[in-house]
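A.B. asks: Provided herewith: coords.txt, compact mmCIF, C-alpha atoms.
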# COMPACT_ATOMS: atom_id res chain seq x y z
CA MET A 225 -19.02 -47.25 7.54
CA PRO A 226 -19.15 -50.46 5.40
CA PHE A 227 -17.82 -52.59 8.25
CA ALA A 228 -20.23 -51.01 10.72
CA VAL A 229 -23.12 -51.90 8.40
CA LEU A 230 -21.76 -55.45 8.07
CA LEU A 231 -21.83 -55.78 11.85
CA VAL A 232 -25.43 -54.56 11.87
CA GLY A 233 -26.31 -57.15 9.22
CA LEU A 234 -24.59 -59.90 11.20
CA GLY A 235 -26.47 -58.82 14.33
CA ILE A 236 -29.77 -59.05 12.48
CA GLU A 237 -28.97 -62.54 11.18
CA LEU A 238 -28.04 -63.76 14.67
CA SER A 239 -31.06 -62.18 16.39
CA PRO A 240 -34.74 -63.15 16.45
CA MET A 241 -35.17 -60.61 13.63
CA HIS A 242 -33.31 -62.88 11.19
CA PHE A 243 -36.44 -63.00 9.04
CA VAL A 244 -35.46 -59.50 7.82
CA TYR A 245 -33.91 -59.88 4.34
CA THR A 246 -30.33 -58.46 4.45
CA GLY A 247 -29.16 -59.58 1.00
CA PRO A 248 -29.49 -56.16 -0.75
CA LEU A 249 -27.85 -54.47 2.25
CA LEU A 250 -24.80 -56.75 2.07
CA THR A 251 -24.50 -56.44 -1.71
CA ALA A 252 -24.29 -52.66 -1.37
CA MET A 253 -21.22 -52.79 0.89
CA PRO A 254 -18.50 -53.18 -1.82
CA PRO A 255 -19.69 -50.08 -3.75
CA LEU A 256 -19.83 -48.13 -0.49
CA ALA A 257 -16.28 -49.17 0.38
CA ALA A 258 -15.05 -48.35 -3.13
CA LEU A 259 -15.93 -44.68 -2.62
CA THR A 260 -13.18 -44.07 -0.07
CA MET A 261 -11.24 -47.19 0.86
CA GLY A 262 -9.38 -48.26 -2.28
CA PRO A 263 -9.03 -51.77 -3.75
CA LEU A 264 -7.91 -53.48 -0.53
CA GLY A 265 -10.70 -51.95 1.54
CA THR A 266 -13.25 -52.81 -1.15
CA LEU A 267 -12.06 -56.42 -1.23
CA SER A 268 -12.22 -56.61 2.57
CA ALA A 269 -15.79 -55.30 2.58
CA ALA A 270 -16.76 -57.83 -0.12
CA MET A 271 -15.23 -60.70 1.84
CA GLY A 272 -16.99 -59.50 4.99
CA ALA A 273 -20.34 -59.40 3.18
CA GLY A 274 -19.70 -62.91 1.83
CA ALA A 275 -18.81 -64.13 5.32
CA VAL A 276 -22.05 -62.72 6.79
CA SER A 277 -24.11 -64.32 3.99
CA THR A 278 -22.49 -67.75 4.39
CA THR A 279 -22.79 -67.56 8.19
CA SER A 280 -26.47 -66.74 7.90
CA ALA A 281 -27.08 -69.56 5.40
CA THR A 282 -25.29 -72.07 7.66
CA ILE A 283 -27.09 -71.05 10.86
CA HIS A 284 -30.54 -70.93 9.24
CA HIS A 285 -29.99 -73.96 6.98
CA SER A 286 -30.61 -71.98 3.79
CA TRP A 287 -28.14 -73.74 1.52
CA GLY A 288 -30.86 -75.75 -0.16
CA GLU A 289 -32.67 -72.58 -1.26
CA GLY A 290 -31.89 -70.78 -4.52
CA GLN A 291 -31.97 -67.32 -2.91
CA ILE A 292 -28.63 -67.72 -1.12
CA TYR A 293 -26.85 -68.65 -4.36
CA SER A 294 -28.39 -65.66 -6.14
CA ASN A 295 -27.23 -63.40 -3.34
CA LEU A 296 -23.69 -64.77 -3.44
CA LEU A 297 -23.52 -64.56 -7.23
CA GLY A 298 -24.75 -60.97 -7.19
CA LEU A 299 -22.26 -60.12 -4.45
CA LEU A 300 -19.43 -61.71 -6.46
CA VAL A 301 -20.26 -59.75 -9.62
CA VAL A 302 -20.61 -56.45 -7.76
CA SER A 303 -17.40 -57.06 -5.79
CA VAL A 304 -15.28 -57.82 -8.86
CA ALA A 305 -16.61 -54.75 -10.62
CA CYS A 306 -16.03 -52.51 -7.59
CA VAL A 307 -12.48 -53.76 -6.92
CA THR A 308 -11.58 -53.23 -10.58
CA ILE A 309 -13.08 -49.75 -10.70
CA SER A 310 -11.48 -48.82 -7.36
CA ASN A 311 -8.07 -49.89 -8.63
CA VAL A 312 -8.50 -47.87 -11.83
CA MET A 313 -9.61 -44.80 -9.86
CA ARG A 314 -6.70 -45.15 -7.44
CA ARG A 315 -4.22 -45.15 -10.32
CA ARG A 316 -5.96 -42.19 -11.92
CA ARG A 317 -5.88 -40.22 -8.68
CA LYS A 318 -2.20 -41.04 -8.20
CA HIS A 319 -1.45 -39.86 -11.74
CA GLU A 320 -3.36 -36.62 -11.14
CA MET A 321 -1.60 -36.05 -7.81
CA ASP A 322 1.78 -36.61 -9.46
CA GLN A 323 0.89 -34.00 -12.08
CA VAL A 324 -0.25 -31.54 -9.41
CA ARG A 325 2.96 -32.16 -7.47
CA ARG A 326 5.11 -31.50 -10.53
CA VAL A 327 3.23 -28.28 -11.25
CA SER A 328 3.56 -27.26 -7.60
CA GLU A 329 7.31 -27.92 -7.65
CA ALA A 330 7.67 -25.86 -10.84
CA ALA A 331 5.67 -23.02 -9.27
CA GLN A 332 7.84 -23.13 -6.18
CA ASP A 333 11.01 -23.01 -8.26
CA VAL A 334 9.72 -19.81 -9.89
CA LEU A 335 8.11 -18.16 -6.87
CA LEU A 336 10.25 -19.38 -3.97
CA ARG A 337 13.54 -20.54 -5.41
CA PRO A 338 16.32 -21.31 -2.92
CA VAL A 339 18.68 -18.43 -2.32
CA SER A 340 22.22 -18.67 -3.62
CA PRO A 341 24.61 -20.09 -1.00
CA HIS A 342 27.24 -17.49 -1.95
CA LEU A 343 26.31 -13.82 -2.08
CA GLY A 344 29.55 -11.88 -2.28
CA PRO A 345 31.05 -11.72 1.24
CA LEU A 346 28.00 -13.50 2.61
CA ARG A 347 26.92 -17.12 2.93
CA ALA A 348 23.18 -17.80 2.91
CA ALA A 349 20.51 -20.49 3.02
CA SER A 350 16.72 -20.55 2.96
CA ILE A 351 13.86 -22.87 3.81
CA TYR A 352 10.10 -22.82 3.31
CA LEU A 353 7.51 -25.01 5.02
CA ALA A 354 3.86 -24.82 3.96
CA ALA A 355 1.32 -25.50 6.71
CA GLU A 356 -1.43 -26.65 4.34
CA SER A 357 -1.34 -30.40 3.74
CA GLY A 358 -0.03 -31.27 0.29
CA ALA A 359 0.97 -27.68 -0.48
CA ARG A 360 4.48 -26.48 -1.31
CA ILE A 361 3.81 -22.75 -1.52
CA GLY A 362 1.58 -20.43 0.45
CA GLY A 363 1.44 -16.89 1.77
CA ASP A 364 5.00 -16.52 3.07
CA LEU A 365 7.72 -15.16 0.81
CA TYR A 366 11.48 -14.65 0.73
CA GLU A 367 14.24 -13.63 -1.66
CA ALA A 368 17.90 -12.62 -1.52
CA VAL A 369 19.67 -11.08 -4.49
CA GLN A 370 23.13 -9.66 -5.06
CA THR A 371 22.98 -6.22 -6.65
CA ARG A 372 25.39 -3.38 -7.40
CA TYR A 373 24.14 -1.75 -4.19
CA GLY A 374 24.84 -4.80 -2.04
CA VAL A 375 22.93 -7.92 -1.07
CA ARG A 376 19.23 -7.19 -0.65
CA VAL A 377 16.87 -9.50 1.17
CA ILE A 378 13.12 -9.63 1.78
CA VAL A 379 11.08 -11.91 4.02
CA GLY A 380 7.33 -11.40 4.24
CA ASP A 381 4.01 -12.86 5.27
CA VAL A 382 0.75 -12.28 3.40
CA ARG A 383 -2.40 -12.09 5.44
CA GLY A 384 -4.59 -15.11 4.70
CA LYS A 385 -4.04 -18.35 2.84
CA GLY A 386 -4.92 -20.04 -0.43
CA LEU A 387 -4.60 -18.70 -3.95
CA PRO A 388 -5.20 -15.02 -3.08
CA ALA A 389 -2.24 -15.16 -0.68
CA VAL A 390 -0.07 -16.83 -3.34
CA HIS A 391 -1.04 -14.12 -5.84
CA ALA A 392 -0.07 -11.38 -3.38
CA ALA A 393 3.22 -13.10 -2.56
CA ALA A 394 4.03 -13.39 -6.27
CA ALA A 395 3.25 -9.70 -6.80
CA VAL A 396 5.55 -8.60 -3.96
CA LEU A 397 8.39 -10.87 -5.06
CA GLY A 398 8.13 -9.69 -8.65
CA ALA A 399 8.30 -6.06 -7.58
CA PHE A 400 11.23 -6.71 -5.23
CA ARG A 401 13.27 -8.65 -7.78
CA GLU A 402 12.90 -5.83 -10.28
CA ALA A 403 13.36 -2.83 -7.98
CA ALA A 404 16.26 -4.31 -5.99
CA HIS A 405 18.52 -4.08 -9.03
CA TYR A 406 17.51 -0.60 -10.23
CA GLU A 407 16.61 1.47 -7.16
CA LYS A 408 19.55 2.83 -5.21
CA ASP A 409 17.41 3.85 -2.23
CA LEU A 410 16.17 0.88 -0.17
CA ALA A 411 13.03 2.83 0.73
CA GLU A 412 12.16 3.03 -2.98
CA VAL A 413 12.43 -0.75 -3.22
CA VAL A 414 9.94 -1.07 -0.38
CA ASP A 415 7.63 1.46 -2.04
CA HIS A 416 7.58 -0.67 -5.20
CA CYS A 417 6.59 -3.70 -3.11
CA ALA A 418 3.83 -1.73 -1.38
CA ALA A 419 2.49 -0.52 -4.73
CA ALA A 420 2.42 -4.13 -5.96
CA VAL A 421 0.26 -5.10 -2.96
CA ARG A 422 -2.17 -2.30 -3.69
CA ARG A 423 -2.41 -3.28 -7.37
CA GLN A 424 -2.98 -6.91 -6.51
CA ARG A 425 -5.61 -5.98 -3.95
CA ALA A 426 -7.46 -3.82 -6.49
CA ALA A 427 -7.43 -6.65 -9.05
CA ASP A 428 -8.70 -9.35 -6.69
CA HIS A 429 -12.31 -10.43 -7.15
CA ASP A 430 -12.84 -11.33 -3.49
CA GLU A 431 -14.34 -8.23 -1.86
CA ASP A 432 -13.42 -9.26 1.70
CA TYR A 433 -9.85 -10.08 0.73
CA ARG A 434 -9.53 -6.86 -1.25
CA MET A 435 -10.48 -4.85 1.83
CA GLU A 436 -8.12 -6.70 4.19
CA CYS A 437 -5.10 -7.70 2.08
CA PHE A 438 -1.74 -6.64 3.47
CA VAL A 439 1.79 -8.03 3.77
CA THR A 440 4.13 -7.78 6.71
CA ALA A 441 7.72 -7.68 5.51
CA VAL A 442 11.27 -6.85 6.48
CA VAL A 443 13.70 -5.69 3.79
CA ALA A 444 17.44 -5.72 4.42
CA GLU A 445 20.50 -4.44 2.61
CA VAL A 446 23.98 -5.71 3.42
CA THR A 447 27.03 -3.96 1.96
CA ASP A 448 30.76 -4.41 2.53
CA GLU A 449 30.50 -2.24 5.63
CA SER A 450 29.88 -3.93 8.99
CA GLN A 451 26.24 -2.94 9.02
CA VAL A 452 22.84 -4.08 7.82
CA GLN A 453 20.19 -1.60 6.71
CA LEU A 454 16.63 -2.59 7.64
CA ILE A 455 13.13 -1.41 6.84
CA ASN A 456 10.58 -3.31 8.88
CA ARG A 457 6.93 -3.07 7.85
CA GLY A 458 5.09 -4.74 10.70
CA HIS A 459 7.18 -7.92 10.65
CA PRO A 460 8.92 -9.85 13.46
CA ALA A 461 12.34 -8.36 14.19
CA PRO A 462 15.36 -10.15 12.64
CA LEU A 463 17.78 -11.83 15.02
CA VAL A 464 21.57 -11.62 15.04
CA LEU A 465 23.76 -14.29 16.60
CA ARG A 466 27.05 -12.79 17.74
CA GLU A 467 29.61 -14.65 19.86
CA GLY A 468 27.02 -17.14 21.04
CA ARG A 469 24.41 -14.54 22.05
CA VAL A 470 21.23 -13.52 20.19
CA CYS A 471 19.88 -10.01 19.97
CA ALA A 472 16.78 -8.73 18.17
CA LEU A 473 17.09 -5.91 15.64
CA ASP A 474 13.95 -4.09 16.74
CA ALA A 475 12.58 -1.23 14.67
CA GLY A 476 13.02 2.15 16.28
CA VAL A 477 9.86 3.47 14.63
CA PRO A 478 7.03 0.94 14.09
CA MET A 479 5.63 1.05 10.56
CA PRO A 480 2.48 -0.48 9.06
CA PRO A 481 2.52 -3.52 6.77
CA LEU A 482 2.71 -3.17 3.00
CA GLY A 483 -0.67 -2.10 1.66
CA LEU A 484 -1.72 -0.27 4.83
CA GLU A 485 0.22 2.96 4.29
CA ASP A 486 -2.93 5.01 4.92
CA LEU A 487 -2.60 4.14 8.63
CA MET A 488 0.63 6.18 8.78
CA PRO A 489 0.63 8.91 6.12
CA THR A 490 4.15 10.13 7.02
CA LEU A 491 6.49 7.14 6.82
CA PRO A 492 10.18 7.36 7.79
CA VAL A 493 12.31 7.49 4.64
CA ALA A 494 15.74 6.37 5.82
CA PRO A 495 16.34 2.71 6.71
CA GLU A 496 17.64 1.87 10.16
CA SER A 497 21.26 0.71 10.57
CA HIS A 498 22.37 -2.13 12.81
CA ALA A 499 25.75 -3.68 13.40
CA PHE A 500 26.42 -6.80 11.33
CA GLU A 501 30.06 -7.68 11.75
CA PRO A 502 32.26 -10.45 10.33
CA GLY A 503 31.38 -13.71 12.07
CA ASP A 504 27.77 -12.64 12.77
CA ARG A 505 24.76 -14.71 11.72
CA LEU A 506 21.53 -12.94 10.69
CA LEU A 507 18.16 -14.71 10.70
CA LEU A 508 15.04 -13.35 9.00
CA TYR A 509 11.87 -15.37 9.55
CA THR A 510 8.07 -15.29 9.53
CA ASP A 511 5.80 -15.51 12.55
CA GLY A 512 4.98 -19.14 11.81
CA VAL A 513 8.26 -19.97 13.58
CA VAL A 514 7.84 -18.05 16.83
CA GLU A 515 4.11 -18.81 17.04
CA ALA A 516 4.54 -22.57 16.63
CA ARG A 517 3.27 -24.34 19.77
CA ASP A 518 3.90 -27.70 21.35
CA ASP A 519 1.36 -29.99 23.05
CA ARG A 520 1.42 -27.81 26.18
CA GLY A 521 0.77 -24.63 24.21
CA GLU A 522 4.28 -23.24 24.65
CA PHE A 523 5.80 -21.20 21.81
CA PHE A 524 8.93 -22.25 19.96
CA PRO A 525 11.89 -20.58 21.75
CA LEU A 526 13.69 -19.33 18.64
CA PRO A 527 16.42 -17.18 20.31
CA GLU A 528 17.34 -19.98 22.72
CA VAL A 529 17.43 -22.53 19.89
CA MET A 530 19.65 -20.22 17.81
CA GLU A 531 22.13 -20.05 20.66
CA ALA A 532 22.03 -23.83 21.17
CA VAL A 533 22.43 -24.93 17.55
CA ASP A 534 25.99 -25.93 16.74
CA ALA A 535 26.25 -25.53 12.97
CA ALA A 536 29.12 -24.16 10.92
CA THR A 537 27.26 -23.30 7.71
CA PRO A 538 23.90 -21.59 7.07
CA GLY A 539 22.54 -24.75 5.45
CA GLN A 540 23.47 -26.90 8.43
CA PHE A 541 22.01 -24.29 10.76
CA LEU A 542 18.64 -24.33 8.98
CA ASP A 543 18.58 -28.12 8.85
CA GLU A 544 19.05 -28.30 12.61
CA LEU A 545 16.55 -25.51 13.23
CA HIS A 546 14.04 -27.30 11.00
CA GLN A 547 14.42 -30.55 12.95
CA ARG A 548 13.94 -28.80 16.28
CA LEU A 549 10.88 -26.96 15.01
CA ILE A 550 9.30 -30.19 13.73
CA GLY A 551 10.11 -31.89 17.02
CA HIS A 552 8.54 -29.03 18.97
CA THR A 553 5.27 -29.13 16.98
CA ARG A 554 5.29 -32.91 16.35
CA ASP A 555 5.29 -32.19 12.61
CA PHE A 556 2.08 -30.15 12.80
CA LEU A 557 2.47 -26.54 11.69
CA LYS A 558 -0.51 -24.23 11.92
CA ASP A 559 1.10 -21.52 9.80
CA ASP A 560 3.57 -21.32 6.93
CA VAL A 561 7.24 -20.89 7.79
CA ALA A 562 9.92 -19.05 5.80
CA LEU A 563 13.49 -18.47 6.97
CA ILE A 564 16.66 -16.97 5.53
CA VAL A 565 19.95 -17.13 7.39
CA ILE A 566 22.94 -15.02 6.33
CA ASP A 567 26.49 -15.23 7.63
CA ARG A 568 28.98 -12.41 7.16
CA VAL A 569 32.13 -14.39 6.52
CA PRO A 570 35.39 -12.92 7.83
CA GLU A 571 38.17 -12.22 5.35
CA CYS A 572 40.41 -14.88 6.89
CA VAL A 573 37.73 -17.54 6.30
CA ARG A 574 37.24 -16.46 2.70
CA GLU A 575 40.99 -16.78 2.25
CA GLY A 576 40.97 -20.32 3.66
CA VAL A 577 41.91 -19.69 7.32
CA PRO A 578 39.47 -21.46 9.72
CA LEU A 579 37.71 -19.35 12.32
CA ALA A 580 35.14 -20.06 15.00
CA HIS A 581 31.62 -19.89 13.59
CA PRO A 582 28.93 -17.54 15.00
CA SER A 583 27.82 -19.83 17.83
CA GLY A 584 31.37 -19.82 19.18
CA GLN A 585 31.36 -23.63 19.48
CA GLY A 586 33.07 -24.85 16.31
CA HIS A 587 34.91 -23.92 13.19
CA ALA A 588 33.78 -22.79 9.81
CA PRO A 589 34.84 -24.94 6.86
Now that the file is in, can you turn its structure into structure tokens?
C.D. replies:
Amino acid sequence: MPFAVLLVGLGIELSPMHFVYTGPLLTAMPPLAALTMGPLGTLSAAMGAGAVSTTSATIHHSWGEGQIYSNLLGLLVVSVACVTISNVMRRRRKHEMDQVRRVSEAAQDVLLRPVSPHLGPLRAASIYLAAESGARIGGDLYEAVQTRYGVRVIVGDVRGKGLPAVHAAAAVLGAFREAAHYEKDLAEVVDHCAAAVRRQRAADHDEDYRMECFVTAVVAEVTDESQVQLINRGHPAPLVLREGRVCALDAGVPMPPLGLEDLMPTLPVAPESHAFEPGDRLLLYTDGVVEARDDRGEFFPLPEVMEAVDAATPGQFLDELHQRLIGHTRDFLKDDVALIVIDRVPECVREGVPLAHPSGQGHAP
């Protein structure tokens, strides 16, 4: 905007309308630039205004008049003040953003801490990508904990964004972390999470959000047996990579998301069992992954990418998956992304004997 106005002022001075007095208009350009452009932009606008004034004075032979010197002096004073103020404000904003970033990092460490890489007979890794610019946490959630009943995992997605979604995610995670250690029945753990959603919804001051708040989630339990127990509450089906092929662990009986239990008064009690054998790789994720689109509107092909990634460890697998997802979307995510990958490590690997990793293309360390 300041430079567009400077061009207008220059056009007036070079046209037959040069009798129009543009001095006040040019003097106002540094303050206008200081609002959004920072010290360098403010200085550029000031120099542009000075160049237009000197050009006008030269063309119209105004150097002998006192008005041009008054205009230049006023422009100099205003420019110095604006550049100084803009520099001070830039430093203040940077300091405030650094504080916000530190608080955000602390909140993420509490709410979405990375999962432990070693969970008994399992190896795990996690990643979270917030779609909102500058944010580190959002409405997606994950956790994996080792309990006396086995390793229990949750991945979920809160409807909506912003602080209400963060509050709901925190409520679900708090309930899961507590119940996972004390409830033997996996269905009871899920019930605690559902109750937390209902309590959070009742306490929210936003009427629209209170009426529509729910959380899709999948809760898993992995024991020493070659199985994984799953309860899926309206969430995308987990994927298992076995011998280079991916299969989806679809729910036999569809169930509503957490917080919408009234839609299905009689919910199945027992979790569903699926094979999860030594050497398998299990991926739990949110819909921000499979719904990510490229420039042509094509969805991210998660199963195909899982089969193509050649990574020995869960951390390496997620790093490669992350890079492919960013490349697919050109670093523009429309929704938050949360992923947890879990490998069931064979006994021979745990004892130090190398074995082909789940993709069938390499060796585990």
A.B. asks: From the set A:Ile566, A:Val493, A:Ala441, A:Met261, which residue has the shortest atom-to-atom contact distance to Asp511 (chain A), counting only C-alpha atoms?
C.D. replies: A:Ala441
A.B. asks: Which of these residues is nearest to Leu267 (chain A), using only C-alpha atoms: A:Val414, A:Val307, A:Ala403, A:Ala389?
C.D. replies: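 Going through A:Val414, A:Val307, A:Ala403, A:Ala389 one by one, the smallest distance to Leu267 (chain A) is for A:Val307.
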A.B. asks: For region 453-465 of chain A, find every residue with an atom within 6 Å (counting only C-alpha atoms), except residues of its own chain fewer than 5 positions away, and show them as JSON, numbers by chain.
C.D. replies: {"A": [440, 441, 442, 443, 444, 445, 470, 471, 472, 473, 474, 479, 480, 481, 495, 496, 497, 504, 505, 506, 507, 508]}
A.B. asks: Atoms to include: C-alpha atoms. Write the selected residues as a compact mmCIF listing (two decimals), keeping the file's coordinate frame.
C.D. replies:
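Writing done, so here's result.txt:
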# COMPACT_ATOMS: atom_id res chain seq x y z
CA THR A 440 4.13 -7.78 6.71
CA ALA A 441 7.72 -7.68 5.51
CA VAL A 442 11.27 -6.85 6.48
CA VAL A 443 13.70 -5.69 3.79
CA ALA A 444 17.44 -5.72 4.42
CA GLU A 445 20.50 -4.44 2.61
CA VAL A 470 21.23 -13.52 20.19
CA CYS A 471 19.88 -10.01 19.97
CA ALA A 472 16.78 -8.73 18.17
CA LEU A 473 17.09 -5.91 15.64
CA ASP A 474 13.95 -4.09 16.74
CA MET A 479 5.63 1.05 10.56
CA PRO A 480 2.48 -0.48 9.06
CA PRO A 481 2.52 -3.52 6.77
CA PRO A 495 16.34 2.71 6.71
CA GLU A 496 17.64 1.87 10.16
CA SER A 497 21.26 0.71 10.57
CA ASP A 504 27.77 -12.64 12.77
CA ARG A 505 24.76 -14.71 11.72
CA LEU A 506 21.53 -12.94 10.69
CA LEU A 507 18.16 -14.71 10.70
CA LEU A 508 15.04 -13.35 9.00
A.B. asks: How far is it from CA of Ala426 (chain A) to CA of Lys408 (chain A), in Å with one decimal?
C.D. replies: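 Distance reported for this atom pair: 27.8 Å.
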A.B. asks: Can you tell me how far CA of Thr490 (chain A) sits from CA of Asp415 (chain A), in Å to one decimal?
C.D. replies: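 Pair CA of Thr490 (chain A) / CA of Asp415 (chain A) returns 13.0 Å.
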A.B. asks: Near Ile351 (chain A), counting only C-alpha atoms, which residues have an atom at most 9 Å away, once you skip same-chain residues fewer than 4 positions from it, shown as a list of chain:residue names?
C.D. replies: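 My reading of the contact set: A:Pro338, A:Val339, A:Leu542, A:Asp543, A:His546, A:Val561, A:Ala562, A:Leu563, A:Ile564.
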A.B. asks: Please check which residues have atoms at most 7 Å from (1.7, -5.8, -2.4) in the file's coordinates, counting only C-alpha atoms, and write them as a ChimeraX atom specification.
C.D. replies: /A:392,395-396,417-424,438-439,482-483
A.B. asks: Mind dumping the selected residues with C-alpha atoms as a short mmCIF file (atom, residue, chain, number, x, y, z; two decimals), keeping the file's coordinate frame?
C.D. replies:
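Wrote it out as again_8.cif, contents follow:
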data_model
loop_
_atom_site.label_atom_id
_atom_site.label_comp_id
_atom_site.auth_asym_id
_atom_site.auth_seq_id
_atom_site.Cartn_x
_atom_site.Cartn_y
_atom_site.Cartn_z
CA ALA A 392 -0.07 -11.38 -3.38
CA ALA A 395 3.25 -9.70 -6.80
CA VAL A 396 5.55 -8.60 -3.96
CA CYS A 417 6.59 -3.70 -3.11
CA ALA A 418 3.83 -1.73 -1.38
CA ALA A 419 2.49 -0.52 -4.73
CA ALA A 420 2.42 -4.13 -5.96
CA VAL A 421 0.26 -5.10 -2.96
CA ARG A 422 -2.17 -2.30 -3.69
CA ARG A 423 -2.41 -3.28 -7.37
CA GLN A 424 -2.98 -6.91 -6.51
CA PHE A 438 -1.74 -6.64 3.47
CA VAL A 439 1.79 -8.03 3.77
CA LEU A 482 2.71 -3.17 3.00
CA GLY A 483 -0.67 -2.10 1.66
#
A.B. asks: Quick one, how far is CA of Arg376 (chain A) from CA of Phe523 (chain A)?
C.D. replies: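 Here the two named atoms are 29.7 Å from each other.
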A.B. asks: Would you mind listing what lies within 10 Å of Thr266 (chain A) as a PyMOL selection string, with only C-alpha atoms counted and same-chain residues fewer than 6 positions away left out?
C.D. replies: chain A and resi 226+253-260+272+303-304+306-308+310-311
A.B. asks: Output, as AutoDock Vina command-line options, the centre and edge lengths in Å (one decimal) of the axis-aligned box that contains all listed atoms of region 256-269 of chain A with 4 Å of margin on each side.
C.D. replies:
--center_x -13.9 --center_y -50.3 --center_z -0.6 --size_x 19.9 --size_y 20.5 --size_z 14.3
A.B. asks: Go through A:Pro525, A:Pro478, A:Pro341, A:Pro263 one by one, measure the shortest atom-to-atom distance of each to Pro492 (chain A) using only C-alpha atoms, and give the residue with the smallest value.
C.D. replies: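 Closest residue, counting only C-alpha atoms: A:Pro478.
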